[in-house]
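So this block is run_16.csv, CSV, C-alpha atoms:
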```
chain,number,residue,atom,x,y,z
A,41,MET,CA,-22.4,25.2,94.2
A,42,ARG,CA,-20.3,22.2,95.4
A,43,ASN,CA,-22.7,21.6,98.4
A,44,ARG,CA,-25.7,21.9,96.0
A,45,ASN,CA,-24.3,19.3,93.6
A,46,ALA,CA,-23.6,17.0,96.6
A,47,LEU,CA,-27.2,17.4,97.8
A,48,TRP,CA,-28.6,16.5,94.3
A,49,ALA,CA,-26.3,13.5,94.1
A,50,LEU,CA,-27.4,12.3,97.6
A,51,MET,CA,-31.1,12.7,96.6
A,52,ALA,CA,-30.5,10.7,93.4
A,53,MET,CA,-28.7,7.9,95.4
A,54,VAL,CA,-31.6,7.7,97.9
A,55,LEU,CA,-34.1,7.4,95.0
A,56,LEU,CA,-32.0,4.7,93.4
A,57,ILE,CA,-31.8,2.8,96.7
A,58,LEU,CA,-35.6,3.1,97.4
A,59,ASP,CA,-36.5,2.1,93.9
A,60,SER,CA,-33.7,-0.2,92.9
A,61,ARG,CA,-35.8,-2.5,90.8
A,62,CYS,CA,-36.7,0.3,88.4
A,63,ALA,CA,-33.1,1.5,88.3
A,64,VAL,CA,-31.8,-2.0,87.6
A,65,ARG,CA,-34.4,-2.6,84.9
A,66,SER,CA,-33.7,0.7,83.2
A,67,ALA,CA,-29.9,0.1,83.3
A,68,ARG,CA,-30.5,-3.4,81.8
A,69,GLU,CA,-32.6,-2.0,79.0
A,70,ALA,CA,-29.9,0.7,78.3
A,71,LEU,CA,-27.2,-2.0,78.2
A,72,GLU,CA,-29.3,-4.0,75.8
A,73,LEU,CA,-29.7,-1.0,73.6
A,74,CYS,CA,-25.9,-0.6,73.6
A,75,SER,CA,-25.2,-4.2,72.9
A,76,ARG,CA,-27.9,-4.7,70.2
A,77,THR,CA,-27.9,-1.4,68.5
A,78,LEU,CA,-25.2,1.2,69.4
A,79,ILE,CA,-22.1,-0.9,69.5
A,80,PRO,CA,-22.7,-2.9,66.3
A,81,SER,CA,-23.7,0.3,64.4
A,82,LEU,CA,-21.3,2.8,65.9
A,83,PHE,CA,-18.1,1.0,66.8
A,84,PRO,CA,-17.1,0.2,63.1
A,85,LEU,CA,-18.0,3.8,62.2
A,86,PHE,CA,-15.8,5.1,65.0
A,87,VAL,CA,-12.9,3.1,63.7
A,88,LEU,CA,-13.5,4.1,60.0
A,89,SER,CA,-14.0,7.8,60.9
A,90,GLY,CA,-10.7,7.8,62.8
A,91,LEU,CA,-8.9,6.5,59.7
A,92,SER,CA,-10.7,8.8,57.3
A,93,VAL,CA,-10.6,12.1,59.1
A,94,SER,CA,-7.3,13.1,57.6
A,95,GLY,CA,-8.6,12.4,54.1
A,96,LEU,CA,-11.9,14.2,54.7
A,97,LEU,CA,-10.0,17.3,55.6
A,98,GLY,CA,-9.0,17.5,52.0
A,99,VAL,CA,-12.6,17.7,50.8
A,100,ARG,CA,-13.4,21.2,49.5
A,101,ILE,CA,-17.0,22.3,48.9
A,102,PRO,CA,-16.7,26.1,48.9
A,103,VAL,CA,-20.4,26.7,48.6
A,104,LEU,CA,-21.1,24.6,51.7
A,105,ALA,CA,-18.3,26.2,53.7
A,106,ARG,CA,-19.6,29.7,52.9
A,107,LEU,CA,-23.2,28.8,53.5
A,108,LEU,CA,-22.5,27.3,56.9
A,109,GLY,CA,-19.7,29.5,58.0
A,110,LEU,CA,-17.2,26.6,58.2
A,111,PRO,CA,-13.4,26.9,58.0
A,112,GLN,CA,-12.2,26.1,54.5
A,113,GLY,CA,-11.5,22.4,54.4
A,114,ALA,CA,-14.0,21.4,57.2
A,115,GLU,CA,-16.8,20.5,54.8
A,116,GLY,CA,-15.9,16.8,55.2
A,117,LEU,CA,-16.6,16.9,58.9
A,118,PHE,CA,-20.1,18.1,58.2
A,119,LEU,CA,-20.6,15.3,55.7
A,120,LEU,CA,-19.3,12.8,58.2
A,121,GLY,CA,-21.7,14.0,60.9
A,122,CYS,CA,-24.6,13.7,58.5
A,123,ALA,CA,-23.7,10.2,57.2
A,124,GLY,CA,-22.4,8.6,60.4
A,125,GLY,CA,-25.0,9.9,62.8
A,126,PHE,CA,-24.6,10.8,66.5
A,127,PRO,CA,-21.9,11.4,67.8
A,128,MET,CA,-19.6,10.7,64.8
A,129,GLY,CA,-19.2,14.4,63.8
A,130,ALA,CA,-18.3,15.4,67.3
A,131,ALA,CA,-15.7,12.7,67.7
A,132,ALA,CA,-14.1,13.7,64.4
A,133,ILE,CA,-14.1,17.4,65.4
A,134,ALA,CA,-12.5,16.5,68.8
A,135,GLN,CA,-9.8,14.5,66.9
A,136,CYS,CA,-9.0,17.5,64.8
A,137,VAL,CA,-8.7,19.7,67.8
A,138,ARG,CA,-6.3,17.2,69.5
A,139,SER,CA,-4.2,17.1,66.4
A,140,GLY,CA,-4.1,20.9,66.1
A,141,SER,CA,-6.0,21.0,62.8
A,142,LEU,CA,-9.0,22.9,64.1
A,143,GLY,CA,-9.2,25.8,66.7
A,144,LYS,CA,-11.5,25.5,69.7
A,145,LYS,CA,-13.7,28.4,68.6
A,146,ASP,CA,-14.5,26.9,65.3
A,147,ALA,CA,-14.8,23.4,66.8
A,148,GLN,CA,-17.4,24.6,69.4
A,149,ARG,CA,-19.5,26.3,66.8
A,150,MET,CA,-19.4,23.1,64.6
A,151,LEU,CA,-20.3,20.6,67.3
A,152,GLY,CA,-24.1,21.0,66.9
A,153,LEU,CA,-24.0,21.7,63.2
A,154,CYS,CA,-22.1,18.5,62.5
A,155,SER,CA,-24.2,16.2,64.7
A,156,CYS,CA,-27.2,14.6,62.9
A,157,CYS,CA,-29.1,11.4,63.2
A,158,GLY,CA,-27.6,9.0,60.7
A,159,PRO,CA,-29.5,7.3,57.9
A,160,ALA,CA,-28.6,3.8,59.3
A,161,PHE,CA,-30.7,4.5,62.4
A,162,LEU,CA,-33.5,6.3,60.6
A,163,PHE,CA,-34.1,3.8,57.8
A,164,GLY,CA,-33.4,0.9,60.2
A,165,ALA,CA,-35.6,1.8,63.2
A,166,LEU,CA,-38.3,4.2,62.0
A,167,PRO,CA,-40.1,2.1,59.3
A,168,ARG,CA,-41.8,0.1,62.0
A,169,PHE,CA,-43.5,3.3,63.2
A,170,LEU,CA,-43.8,5.4,60.0
A,171,PRO,CA,-44.4,4.7,56.3
A,172,MET,CA,-41.1,4.7,54.3
A,173,GLU,CA,-42.0,7.8,52.4
A,174,ARG,CA,-42.3,9.7,55.7
A,175,VAL,CA,-39.1,8.3,56.9
A,176,ALA,CA,-37.4,9.5,53.7
A,177,ALA,CA,-39.1,12.9,54.1
A,178,LEU,CA,-37.8,13.1,57.7
A,179,PHE,CA,-34.3,12.3,56.6
A,180,VAL,CA,-34.4,15.1,54.0
A,181,LEU,CA,-36.0,17.6,56.4
A,182,GLN,CA,-33.4,16.9,59.0
A,183,LEU,CA,-30.6,17.7,56.6
A,184,GLU,CA,-32.3,20.7,55.2
A,185,THR,CA,-33.0,22.2,58.7
A,186,ALA,CA,-29.4,21.4,59.6
A,187,LEU,CA,-28.2,23.5,56.6
A,188,LEU,CA,-30.7,26.2,57.5
A,189,LEU,CA,-29.5,26.2,61.1
A,190,GLY,CA,-25.9,26.6,60.0
A,191,ALA,CA,-26.8,29.4,57.6
A,192,LEU,CA,-28.7,31.3,60.3
A,193,TRP,CA,-26.3,30.7,63.2
A,194,PRO,CA,-24.1,33.8,63.9
A,195,GLY,CA,-20.3,33.7,63.9
A,196,ASP,CA,-18.7,32.8,60.6
A,197,SER,CA,-15.2,31.4,60.4
A,198,GLU,CA,-12.5,33.1,58.3
A,199,GLY,CA,-9.9,30.4,58.9
A,200,THR,CA,-8.7,27.4,57.1
A,201,LEU,CA,-8.2,23.9,58.5
A,202,ARG,CA,-4.5,23.3,59.0
A,203,PRO,CA,-3.2,20.0,57.7
A,204,GLN,CA,-3.5,17.2,60.2
A,205,GLN,CA,-0.2,16.4,61.9
A,206,GLU,CA,-0.7,12.6,62.2
A,207,ASP,CA,-1.8,9.7,60.2
A,208,ILE,CA,-3.9,7.4,62.4
A,209,SER,CA,-2.9,3.7,62.2
A,210,LEU,CA,-5.6,1.0,62.5
A,211,PRO,CA,-4.6,-0.1,66.1
A,212,GLU,CA,-4.7,3.5,67.2
A,213,ALA,CA,-8.0,4.0,65.5
A,214,VAL,CA,-9.4,1.0,67.3
A,215,ARG,CA,-8.1,2.2,70.7
A,216,ARG,CA,-9.7,5.6,70.2
A,217,ALA,CA,-12.9,4.0,69.1
A,218,VAL,CA,-13.0,1.8,72.2
A,219,ARG,CA,-12.6,4.9,74.4
A,220,SER,CA,-15.3,6.8,72.5
A,221,MET,CA,-17.7,3.8,72.5
A,222,THR,CA,-17.2,3.3,76.3
A,223,SER,CA,-18.0,7.0,76.9
A,224,VAL,CA,-21.1,6.8,74.7
A,225,CYS,CA,-22.4,3.6,76.4
A,226,ALA,CA,-21.8,5.0,79.9
A,227,TRP,CA,-23.9,8.1,79.1
A,228,VAL,CA,-26.6,6.0,77.6
A,229,VAL,CA,-26.9,3.9,80.7
A,230,LEU,CA,-26.9,7.0,83.0
A,231,ALA,CA,-29.6,8.7,80.8
A,232,GLY,CA,-31.6,5.5,80.7
A,233,VAL,CA,-31.7,5.1,84.4
A,234,ALA,CA,-32.8,8.8,84.8
A,235,ALA,CA,-35.4,8.4,82.1
A,236,GLY,CA,-36.8,5.2,83.8
A,237,SER,CA,-37.2,6.8,87.2
A,238,LEU,CA,-38.8,9.9,85.7
A,239,ARG,CA,-41.2,7.8,83.6
A,240,ARG,CA,-42.2,5.9,86.8
A,241,TRP,CA,-42.6,8.8,89.2
A,242,LEU,CA,-43.4,11.8,87.0
A,243,PHE,CA,-44.2,11.2,83.4
A,244,SER,CA,-47.0,8.7,84.2
A,245,LEU,CA,-48.9,11.6,85.9
A,246,LEU,CA,-48.7,13.8,82.8
A,247,PRO,CA,-50.9,13.8,79.6
A,248,ARG,CA,-49.7,11.2,77.2
A,249,ALA,CA,-48.5,13.6,74.5
A,250,LEU,CA,-46.4,15.5,77.0
A,251,SER,CA,-45.1,12.3,78.5
A,252,LEU,CA,-44.0,11.1,75.1
A,253,LEU,CA,-42.4,14.4,74.3
A,254,LEU,CA,-40.4,14.5,77.5
A,255,THR,CA,-39.3,10.8,77.1
A,256,GLY,CA,-38.0,11.5,73.6
A,257,LEU,CA,-36.2,14.7,74.8
A,258,LEU,CA,-34.4,12.6,77.4
A,259,GLU,CA,-33.5,9.6,75.2
A,260,LEU,CA,-34.1,9.4,71.5
A,261,THR,CA,-34.5,5.7,71.0
A,262,THR,CA,-36.8,5.2,74.0
A,263,GLY,CA,-39.0,8.1,72.9
A,264,ILE,CA,-39.4,6.8,69.3
A,265,PHE,CA,-40.2,3.2,70.5
A,266,ALA,CA,-43.0,4.6,72.7
A,267,LEU,CA,-44.8,6.3,69.8
A,268,GLU,CA,-48.0,5.1,68.1
A,269,PRO,CA,-47.3,3.7,64.6
A,270,GLY,CA,-48.3,5.7,61.6
A,271,THR,CA,-49.9,8.8,63.1
A,272,ASP,CA,-49.3,12.5,62.3
A,273,ARG,CA,-48.4,13.1,66.0
A,274,SER,CA,-45.8,10.4,65.8
A,275,PHE,CA,-44.3,12.0,62.7
A,276,LEU,CA,-44.1,15.4,64.4
A,277,LEU,CA,-42.6,14.0,67.6
A,278,CYS,CA,-40.1,12.0,65.5
A,279,ALA,CA,-39.0,15.2,63.8
A,280,VAL,CA,-38.3,16.9,67.2
A,281,PHE,CA,-36.5,13.8,68.6
A,282,VAL,CA,-34.4,13.2,65.5
A,283,CYS,CA,-33.3,16.9,65.1
A,284,PHE,CA,-32.8,17.6,68.8
A,285,GLY,CA,-31.2,14.2,69.5
A,286,GLY,CA,-32.2,14.0,73.2
A,287,LEU,CA,-30.3,14.7,76.4
A,288,SER,CA,-28.6,11.3,76.1
A,289,VAL,CA,-27.1,12.3,72.7
A,290,LEU,CA,-25.9,15.7,74.1
A,291,LEU,CA,-24.2,13.8,76.9
A,292,GLN,CA,-22.6,11.5,74.3
A,293,ILE,CA,-21.4,14.5,72.3
A,294,GLY,CA,-19.9,16.0,75.5
A,295,GLY,CA,-18.3,12.7,76.4
A,296,VAL,CA,-16.4,12.4,73.1
A,297,ALA,CA,-15.7,16.1,72.7
A,298,GLN,CA,-13.9,16.5,76.0
A,299,GLY,CA,-12.4,20.0,76.5
A,300,LEU,CA,-14.9,21.7,74.3
A,301,SER,CA,-17.7,23.9,75.6
A,302,MET,CA,-21.2,22.5,75.0
A,303,LYS,CA,-23.1,25.8,75.3
A,304,GLN,CA,-23.4,26.5,71.6
A,305,CYS,CA,-24.1,22.8,70.8
A,306,MET,CA,-27.0,22.7,73.3
A,307,LEU,CA,-28.6,25.9,71.9
A,308,GLN,CA,-28.1,24.7,68.3
A,309,LYS,CA,-29.7,21.3,68.9
A,310,MET,CA,-32.7,23.0,70.7
A,311,LEU,CA,-33.2,25.3,67.8
A,312,HIS,CA,-32.7,22.4,65.4
A,313,GLY,CA,-35.5,20.6,67.2
A,314,LEU,CA,-37.8,23.6,66.8
A,315,LEU,CA,-37.0,23.9,63.1
A,316,GLY,CA,-37.6,20.2,62.7
A,317,PHE,CA,-41.0,20.5,64.2
A,318,ALA,CA,-41.9,23.5,62.1
A,319,ALA,CA,-40.7,21.8,58.9
A,320,ALA,CA,-42.5,18.5,59.7
A,321,TRP,CA,-45.8,20.5,60.4
A,322,ALA,CA,-45.4,22.3,57.1
A,323,TYR,CA,-44.7,19.1,55.3
A,324,LEU,CA,-48.0,17.6,56.7
A,325,CYS,CA,-49.9,20.8,55.6
A,326,PHE,CA,-48.4,21.3,52.1
A,327,GLY,CA,-47.1,17.9,51.1
A,328,PRO,CA,-43.8,16.9,49.5
A,329,MET,CA,-43.5,20.2,47.5
A,330,PHE,CA,-42.5,21.9,50.8
A,331,LEU,CA,-39.2,20.0,50.6
A,332,LEU,CA,-38.2,22.4,47.9
A,333,LEU,CA,-38.8,25.5,50.0
A,334,ILE,CA,-35.8,25.3,52.3
A,335,PRO,CA,-33.3,24.8,49.5
A,336,GLY,CA,-34.9,27.8,47.8
A,337,LEU,CA,-34.4,29.9,51.0
A,338,LEU,CA,-30.7,28.7,51.2
A,339,PHE,CA,-30.2,29.7,47.6
A,340,LEU,CA,-31.6,33.1,48.3
A,341,LYS,CA,-29.2,33.5,51.2
A,342,MET,CA,-26.3,32.8,48.8
A,343,THR,CA,-27.5,35.1,46.1
A,344,VAL,CA,-29.3,38.0,47.7
A,345,GLU,CA,-27.5,40.7,49.6
A,346,ILE,CA,-26.2,39.7,53.0
A,347,PRO,CA,-25.4,43.0,54.9
A,348,GLY,CA,-21.6,43.4,55.3
A,349,ARG,CA,-20.7,40.2,53.6
A,350,MET,CA,-22.0,39.4,50.1
A,351,LEU,CA,-23.9,41.2,47.3
A,352,TYR,CA,-25.4,39.0,44.7
A,353,ASN,CA,-22.9,36.2,45.3
A,354,THR,CA,-20.0,38.7,45.0
A,355,PRO,CA,-17.9,40.1,47.8
A,356,ARG,CA,-19.1,43.5,48.9
A,357,LYS,CA,-16.8,46.4,48.0
A,358,GLU,CA,-16.1,49.4,50.1
A,359,GLY,CA,-18.6,52.2,49.6
A,360,ILE,CA,-21.4,50.0,48.2
```

With the file now loaded, output its structure as structure tokens.
Amino acid sequence: MRNRNALWALMAMVLLILDSRCAVRSAREALELCSRTLIPSLFPLFVLSGLSVSGLLGVRIPVLARLLGLPQGAEGLFLLGCAGGFPMGAAAIAQCVRSGSLGKKDAQRMLGLCSCCGPAFLFGALPRFLPMERVAALFVLQLETALLLGALWPGDSEGTLRPQQEDISLPEAVRRAVRSMTSVCAWVVLAGVAAGSLRRWLFSLLPRALSLLLTGLLELTTGIFALEPGTDRSFLLCAVFVCFGGLSVLLQIGGVAQGLSMKQCMLQKMLHGLLGFAAAWAYLCFGPMFLLLIPGLLFLKMTVEIPGRMLYNTPRKEGI
């Protein structure tokens, strides 16, 4: 295994040397993405999330915790992941693990469930490619499929978040935000260089639709910026990119969630991408009324018998 990894690394080094112009251009574009978009939008949120995590742990939404199988008191982490965007939820979960508030088993299950594309990116970047009503629909579909994913994903928690042991000061929150932001940007540059080389030597040989799909699965922003404005295909691909997040986002999550296994997270985001595609396709076929279907399914899950757990929203009794 060690020799194989060394061989792959040597092959990548040779490719970078032989095609250094492409690598430099891709790294420059990734750094511009960091400086113009990621750092201005994410760094303040990293600081604020570090200060607010202890308060968010006090948020209790029992219906949400039971629906998603979250530890009691962890509902605020899900809300933070939905509102702050990639990889805010993962950073908050990692902070809870470090402080002893959350166990690793629950944290690893929550990584993918609490990692969504934030509204700041969606409503800031997507309107140039999609009509605003479709951007709004995409935001709603992402949240609904995230809830559906959590409701379907096996392995409920029966625990409760323990009170956080530390109150984070502003200087400490800034230091942690700097470390997290550095990790995020490093992974973005690495993924950007890999995506640039693949686009030049492989993706250009593929059909355009497949090339766009693979580009977005590697790096979310690059894939979205390559789409044709206003088409149904762009809407479907945006749904996949936004729900899955891309390899770059998975690397960012792994970078800020050090010490936690990424296996469940990767599977969750892959399934989330498939659910996003299916929901977007159904939205195109049936219109805005489809947005009511997923909440209806979630309501049924909460009220209809769930074998071994609930019977009409009431705990099952022995012998029934």

Sorted by chain and rising residue number, list the residues of range 255-328 of chain A at most 12 Å from range 72-78 of chain A (counting all atoms listed in the file), each with its closest atom pair and distance in Å to one decimal, as a tab-separated table.
```
residue	atom	partner	partner_atom	distance
A:Glu259	CA	A:Leu73	CA	11.4
A:Leu260	CA	A:Leu73	CA	11.5
A:Thr261	CA	A:Leu73	CA	8.6
A:Thr262	CA	A:Leu73	CA	9.4
A:Phe265	CA	A:Leu73	CA	11.7
A:Val289	CA	A:Leu78	CA	11.7
A:Gln292	CA	A:Leu78	CA	11.7
```

Problem set entry | Long-range neighbours of range 193-203 of chain A as a PyMOL selection string, 12 Å cut-off, all atoms listed in the file, 3 positions minimum in chain | chain A and resi 93-100+102+105-117+133+136-137+139-150+152-153+185-190+206-207+304-305+307-309+311-312+349

Keeping C-alpha atoms, export the residues of the selection given above as a PDB file, in the frame of the given file.
```
ATOM      1  CA  VAL A  93     -10.600  12.100  59.100  1.00  0.00           C
ATOM      2  CA  SER A  94      -7.300  13.100  57.600  1.00  0.00           C
ATOM      3  CA  GLY A  95      -8.600  12.400  54.100  1.00  0.00           C
ATOM      4  CA  LEU A  96     -11.900  14.200  54.700  1.00  0.00           C
ATOM      5  CA  LEU A  97     -10.000  17.300  55.600  1.00  0.00           C
ATOM      6  CA  GLY A  98      -9.000  17.500  52.000  1.00  0.00           C
ATOM      7  CA  VAL A  99     -12.600  17.700  50.800  1.00  0.00           C
ATOM      8  CA  ARG A 100     -13.400  21.200  49.500  1.00  0.00           C
ATOM      9  CA  PRO A 102     -16.700  26.100  48.900  1.00  0.00           C
ATOM     10  CA  ALA A 105     -18.300  26.200  53.700  1.00  0.00           C
ATOM     11  CA  ARG A 106     -19.600  29.700  52.900  1.00  0.00           C
ATOM     12  CA  LEU A 107     -23.200  28.800  53.500  1.00  0.00           C
ATOM     13  CA  LEU A 108     -22.500  27.300  56.900  1.00  0.00           C
ATOM     14  CA  GLY A 109     -19.700  29.500  58.000  1.00  0.00           C
ATOM     15  CA  LEU A 110     -17.200  26.600  58.200  1.00  0.00           C
ATOM     16  CA  PRO A 111     -13.400  26.900  58.000  1.00  0.00           C
ATOM     17  CA  GLN A 112     -12.200  26.100  54.500  1.00  0.00           C
ATOM     18  CA  GLY A 113     -11.500  22.400  54.400  1.00  0.00           C
ATOM     19  CA  ALA A 114     -14.000  21.400  57.200  1.00  0.00           C
ATOM     20  CA  GLU A 115     -16.800  20.500  54.800  1.00  0.00           C
ATOM     21  CA  GLY A 116     -15.900  16.800  55.200  1.00  0.00           C
ATOM     22  CA  LEU A 117     -16.600  16.900  58.900  1.00  0.00           C
ATOM     23  CA  ILE A 133     -14.100  17.400  65.400  1.00  0.00           C
ATOM     24  CA  CYS A 136      -9.000  17.500  64.800  1.00  0.00           C
ATOM     25  CA  VAL A 137      -8.700  19.700  67.800  1.00  0.00           C
ATOM     26  CA  SER A 139      -4.200  17.100  66.400  1.00  0.00           C
ATOM     27  CA  GLY A 140      -4.100  20.900  66.100  1.00  0.00           C
ATOM     28  CA  SER A 141      -6.000  21.000  62.800  1.00  0.00           C
ATOM     29  CA  LEU A 142      -9.000  22.900  64.100  1.00  0.00           C
ATOM     30  CA  GLY A 143      -9.200  25.800  66.700  1.00  0.00           C
ATOM     31  CA  LYS A 144     -11.500  25.500  69.700  1.00  0.00           C
ATOM     32  CA  LYS A 145     -13.700  28.400  68.600  1.00  0.00           C
ATOM     33  CA  ASP A 146     -14.500  26.900  65.300  1.00  0.00           C
ATOM     34  CA  ALA A 147     -14.800  23.400  66.800  1.00  0.00           C
ATOM     35  CA  GLN A 148     -17.400  24.600  69.400  1.00  0.00           C
ATOM     36  CA  ARG A 149     -19.500  26.300  66.800  1.00  0.00           C
ATOM     37  CA  MET A 150     -19.400  23.100  64.600  1.00  0.00           C
ATOM     38  CA  GLY A 152     -24.100  21.000  66.900  1.00  0.00           C
ATOM     39  CA  LEU A 153     -24.000  21.700  63.200  1.00  0.00           C
ATOM     40  CA  THR A 185     -33.000  22.200  58.700  1.00  0.00           C
ATOM     41  CA  ALA A 186     -29.400  21.400  59.600  1.00  0.00           C
ATOM     42  CA  LEU A 187     -28.200  23.500  56.600  1.00  0.00           C
ATOM     43  CA  LEU A 188     -30.700  26.200  57.500  1.00  0.00           C
ATOM     44  CA  LEU A 189     -29.500  26.200  61.100  1.00  0.00           C
ATOM     45  CA  GLY A 190     -25.900  26.600  60.000  1.00  0.00           C
ATOM     46  CA  GLU A 206      -0.700  12.600  62.200  1.00  0.00           C
ATOM     47  CA  ASP A 207      -1.800   9.700  60.200  1.00  0.00           C
ATOM     48  CA  GLN A 304     -23.400  26.500  71.600  1.00  0.00           C
ATOM     49  CA  CYS A 305     -24.100  22.800  70.800  1.00  0.00           C
ATOM     50  CA  LEU A 307     -28.600  25.900  71.900  1.00  0.00           C
ATOM     51  CA  GLN A 308     -28.100  24.700  68.300  1.00  0.00           C
ATOM     52  CA  LYS A 309     -29.700  21.300  68.900  1.00  0.00           C
ATOM     53  CA  LEU A 311     -33.200  25.300  67.800  1.00  0.00           C
ATOM     54  CA  HIS A 312     -32.700  22.400  65.400  1.00  0.00           C
ATOM     55  CA  ARG A 349     -20.700  40.200  53.600  1.00  0.00           C
TER      56      ARG A 349
END
```

Seminar exercise, completed: One decimal place gives the CA of Ala234 in chain A-CA of Ala297 in chain A separation as 22.2 Å

Exercise. Can you find the residues with an atom no farther than 12 Å from (-41.3, 6.1, 60.4), counting all atoms listed in the file, and report them as a PyMOL selection string?
Worked result: chain A and resi 161-179+264-265+267-279+282

Seminar exercise, completed: For Arg216 in chain A, the closest of A:Gly121, A:Gly232, A:Gly90, A:Pro84 counting only C-alpha atoms is A:Gly90

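Here the question is which of A:Cys154, A:Leu104, A:Ala46, A:Leu337 gets nearest to Pro127 in chain A using only C-alpha atoms, and that residue is A:Cys154.
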
For this session: For each of A:Val228, A:Val54, A:Met329, A:Ala266, take the minimum atom-to-atom distance to Leu290 in chain A, counting all atoms listed in the file, then give the residue where this is smallest.
Result: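 Ranked by minimum distance to Leu290 in chain A, first place goes to A:Val228.
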
For this session: Would you mind reading off the distance between CA of Cys157 in chain A and CA of Gly125 in chain A, one decimal, in Å?
Result: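 Atom-to-atom, CA of Cys157 in chain A to CA of Gly125 in chain A, that is 4.4 Å.
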
For this session: Give me, please, the distance in Å between CA of Arg248 in chain A and CA of Met306 in chain A, quoted to one decimal.
Result: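 Value for the CA of Arg248 in chain A-CA of Met306 in chain A distance: 25.7 Å.
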
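Considering only C-alpha atoms, the residue among A:Gly327, A:Gly263, A:Gly124, A:Pro80 positioned nearest to Ser288 in chain A is A:Gly263.
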
Exercise. Counting all atoms listed in the file, which residues come within 12 Å of (-13.6, 3.8, 72.8), with the point read in the file's coordinates, and could you list them as JSON, numbers by chain?
Worked result: {"A": [79, 82, 83, 84, 85, 86, 87, 90, 131, 211, 212, 213, 214, 215, 216, 217, 218, 219, 220, 221, 222, 223, 224, 225, 226, 292, 295, 296]}

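Between Met310 in chain A and the residues A:Val280, A:Ala132, A:Met53, A:Leu183, the shortest atom-to-atom distance, using all atoms listed in the file, involves A:Val280.
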
Exercise. Which is closest to Gly294 in chain A among A:Leu119, A:Leu257, A:Leu56, A:Ala130, if we use all atoms listed in the file?
Worked result: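 Using all atoms listed in the file, the shortest distance to Gly294 in chain A belongs to A:Ala130.
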
For this session: With a distance cut-off of 10 Å and all atoms listed in the file, select the neighbouring residues of Phe243 in chain A, excluding the residue or stretch itself and same-chain residues fewer than 5 positions from it, and output the selection as a list in words.
Result: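 The contact residues come out as Ala235, Gly236, Ser237, Leu238, Arg248, Leu250, Ser251, Leu252, Leu253, Leu254 and Thr255 of chain A.
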